[in-house]
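See structure below.
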Amino acid sequence: MAERFAVILPALNEEEVIAATLDDLWRAAASRAPAGAELAQVLVVDNGSTDGTAAVARTHGSQVVPEPRRGYGRACLAGMAALRPDVEIVVFSDADGSDDPADLPRLLEPIERGEADLVLGSRVLGEREAGSLTPHQELGNRLATFLMRALLGARYTDLGPFRAIRRDALERLQMRDTDFGWPTEMQIKAAQRRLRVREIPVRHRRRRGGKSKVSASVRGSILAGAKIIWTILRHGLAS
């Protein structure tokens, strides 16, 4: 019997793009081979949107989970709390259309074959549309992955949001971060708990509309970068 997976998409004011993101996701899931994992649940976590994100998401086949307390990690935790009991694999993806759902089968396959517990989509190893990452995002990513390797021995190329993980492995990580440190915390804890981790190249696109909550402003980029570095240092100094 095929395993079941769910996709969690944190969303804050993504009315302009969420319909296209969900439509692409459903098409990618429908094109999978019959033996592959079955998409059982799509959860759009409305992270305090002031536009029509939630209404549009409902009309495009998703379950909307309200989480008015803003924070990327809070949204991910709320999505986890709403997972159906039969879901065995959890996928995290951005709601802005920058992650290409066509890569979803490749993200799931190492888990389905029993070769990995966590699969990370690497934008660094894959193809990037011009302008999909700002220069300060690329610099911050290189610094963060360098520190993770130097302080924790965790070898990664990217902190990208597109990832799949076995549900039992996710629960073992006991995730706590409530904002921008969430992806970093997951990767650090995965290394510390010796999960079988694989990185695969994925395509990364410019957001299809709307405004980034991080890279669109210098302040947002600084705050996100500081939290990521602090997360690495905190775990590095404690180990």
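In the structure tokens, chains take letters A, B, ... by order of appearance, with residues numbered from 1 within each chain and ligands from 1 in the order shown.
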
>> Residues near range 87-102 of chain A, anyone? I mean within 6 Å using only C-alpha atoms, not counting same-chain ones fewer than 3 positions away, as a list in words.
In response: Arg4, Phe5, Ala6, Val7, Ile8, Leu9, Ala11, Val17, Thr21, Leu25, Ala28, Arg84, Pro161, Phe162, Arg163, Ala164, Ile165, Arg166, Arg167, His204, Arg205, Arg206, Arg207 and Arg208 of chain A

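From CA of Thr53 in chain A back to CA of Arg69 in chain A, the distance works out to 15.7 Å.
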
>> With DSSP run on the backbone, what are the strand (DSSP E or B) residues within range 18-212 of chain A? I'd like them as a PyMOL selection string.
In response: chain A and resi 38-46+63-66+89-92+99+118-122+128+163-166+197-201+204

Could you write out the selected residues, including N, CA and C atoms, as a compact mmCIF listing (two decimals), in the first residue's frame?
```txt
# COMPACT_ATOMS: atom_id res chain seq x y z
N GLU A 38 1.00 8.78 -1.99
CA GLU A 38 -0.27 9.45 -2.34
C GLU A 38 -0.39 10.76 -1.55
N LEU A 39 -0.74 11.83 -2.27
CA LEU A 39 -0.98 13.11 -1.60
C LEU A 39 -2.30 13.04 -0.85
N ALA A 40 -2.23 13.09 0.47
CA ALA A 40 -3.41 12.91 1.30
C ALA A 40 -3.94 14.22 1.85
N GLN A 41 -3.10 15.25 1.90
CA GLN A 41 -3.51 16.47 2.60
C GLN A 41 -2.63 17.63 2.14
N VAL A 42 -3.25 18.74 1.82
CA VAL A 42 -2.54 19.99 1.53
C VAL A 42 -3.00 21.01 2.55
N LEU A 43 -2.07 21.50 3.34
CA LEU A 43 -2.38 22.41 4.44
C LEU A 43 -1.76 23.77 4.17
N VAL A 44 -2.59 24.77 3.93
CA VAL A 44 -2.13 26.14 3.83
C VAL A 44 -2.33 26.77 5.20
N VAL A 45 -1.23 27.14 5.83
CA VAL A 45 -1.32 27.75 7.15
C VAL A 45 -1.37 29.26 6.98
N ASP A 46 -2.54 29.83 7.25
CA ASP A 46 -2.75 31.27 7.11
C ASP A 46 -2.14 31.96 8.32
N GLN A 63 -6.75 22.54 2.73
CA GLN A 63 -7.29 22.76 4.07
C GLN A 63 -6.57 23.96 4.65
N VAL A 64 -7.30 24.94 5.13
CA VAL A 64 -6.68 26.14 5.69
C VAL A 64 -6.59 26.00 7.21
N VAL A 65 -5.39 26.20 7.71
CA VAL A 65 -5.13 26.14 9.15
C VAL A 65 -4.81 27.56 9.62
N PRO A 66 -5.63 28.15 10.48
CA PRO A 66 -5.33 29.50 10.95
C PRO A 66 -4.25 29.51 12.03
N ILE A 89 4.63 10.95 5.57
CA ILE A 89 5.70 11.81 5.07
C ILE A 89 5.17 13.24 5.02
N VAL A 90 6.00 14.18 5.47
CA VAL A 90 5.59 15.58 5.50
C VAL A 90 6.51 16.39 4.59
N VAL A 91 5.90 17.18 3.72
CA VAL A 91 6.65 18.06 2.82
C VAL A 91 6.39 19.50 3.24
N PHE A 92 7.44 20.29 3.29
CA PHE A 92 7.32 21.73 3.55
C PHE A 92 7.72 22.48 2.28
N ASP A 99 9.23 27.50 -5.23
CA ASP A 99 9.56 26.07 -5.30
C ASP A 99 8.77 25.45 -6.44
N LEU A 118 15.24 12.36 5.73
CA LEU A 118 15.03 13.77 5.41
C LEU A 118 15.68 14.05 4.06
N VAL A 119 14.93 14.66 3.16
CA VAL A 119 15.47 15.04 1.85
C VAL A 119 15.31 16.55 1.70
N LEU A 120 16.42 17.22 1.43
CA LEU A 120 16.46 18.67 1.32
C LEU A 120 16.62 19.07 -0.14
N GLY A 121 15.77 19.96 -0.59
CA GLY A 121 15.92 20.50 -1.93
C GLY A 121 16.94 21.62 -1.93
N SER A 122 18.04 21.42 -2.64
CA SER A 122 19.11 22.42 -2.66
C SER A 122 18.99 23.31 -3.89
N ARG A 128 18.66 27.82 -10.92
CA ARG A 128 18.02 29.00 -10.32
C ARG A 128 17.65 29.98 -11.40
N ARG A 163 11.44 20.71 1.33
CA ARG A 163 12.02 19.53 1.99
C ARG A 163 10.94 18.53 2.33
N ALA A 164 11.35 17.26 2.43
CA ALA A 164 10.43 16.18 2.80
C ALA A 164 11.08 15.38 3.92
N ILE A 165 10.26 14.94 4.86
CA ILE A 165 10.78 14.21 6.02
C ILE A 165 9.76 13.18 6.49
N ARG A 166 10.26 12.04 6.92
CA ARG A 166 9.37 11.04 7.51
C ARG A 166 8.75 11.63 8.78
N VAL A 197 20.18 11.85 5.85
CA VAL A 197 19.82 13.08 5.15
C VAL A 197 20.42 13.05 3.75
N ARG A 198 19.63 13.48 2.80
CA ARG A 198 20.11 13.60 1.42
C ARG A 198 19.70 14.96 0.87
N GLU A 199 20.61 15.58 0.14
CA GLU A 199 20.30 16.79 -0.60
C GLU A 199 20.14 16.44 -2.07
N ILE A 200 19.13 17.03 -2.70
CA ILE A 200 18.96 16.84 -4.14
C ILE A 200 18.83 18.21 -4.80
N PRO A 201 19.28 18.35 -6.03
CA PRO A 201 19.12 19.64 -6.73
C PRO A 201 17.66 19.89 -7.09
N HIS A 204 14.66 26.57 -8.67
CA HIS A 204 14.16 27.67 -7.85
C HIS A 204 13.79 28.82 -8.76
```

>> Using only C-alpha atoms, can you tell me which of A:Arg172, A:Arg70, A:Arg193, A:Arg106 comes closest to Thr50 in chain A?
In response: A:Arg70

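Taking CA of Leu223 in chain A as the reference point, CA of Leu22 in chain A is found at 28.8 Å.
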
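Proximity ranking of A:Ala78, A:Leu139, A:Leu125, A:Ile232 relative to Thr178 in chain A places A:Ala78 first, based on only C-alpha atoms.
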
> Out of range 124-167 of chain A, which residues get helix (DSSP H, G or I) from DSSP, as a ChimeraX atom specification?
Replying inline: /A:135-152,167

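Proximity ranking of A:Asp158, A:Asp24, A:Asp103, A:Asp179 relative to Gly140 in chain A places A:Asp158 first, based on only C-alpha atoms.
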
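Distance-wise, CA of Gly71 in chain A and CA of Ala19 in chain A end up 21.9 Å apart.
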
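For the set A:Gly36, A:Gly126, A:Gly181, A:Pro10, the residue with the smallest atom-to-atom gap to Ala75 in chain A is A:Pro10, counting only C-alpha atoms.
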
>> Taking 2 positions as the minimum chain separation for residues in the same chain, which residues sit within 12 Å of Phe146 in chain A when counting only C-alpha atoms? Answer as a ChimeraX atom specification.
In response: /A:139-144,148-159,229,232-233

>> Applying 10 Å and only C-alpha atoms, which residues near Gln174 in chain A remain after dropping the ones on its own chain fewer than 2 positions away? List them as a VMD selection string.
In response: chain A and resid 169 to 172 176 to 177 185 to 186 189

Store the residues picked out above in a file with C-alpha atoms, as a PDB file, in the first residue's frame.
```
ATOM      1  CA  ALA A 169      11.714  11.459  12.186  1.00  0.00           C
ATOM      2  CA  LEU A 170      10.141  14.928  12.314  1.00  0.00           C
ATOM      3  CA  GLU A 171       8.583  14.142  15.674  1.00  0.00           C
ATOM      4  CA  ARG A 172      11.968  12.970  16.985  1.00  0.00           C
ATOM      5  CA  ARG A 176      10.745  24.515  18.722  1.00  0.00           C
ATOM      6  CA  ASP A 177      11.763  27.547  16.648  1.00  0.00           C
ATOM      7  CA  GLU A 185      17.049  24.074  13.518  1.00  0.00           C
ATOM      8  CA  MET A 186      15.713  21.130  11.517  1.00  0.00           C
ATOM      9  CA  LYS A 189      18.959  18.513  14.810  1.00  0.00           C
TER      10      LYS A 189
END
```
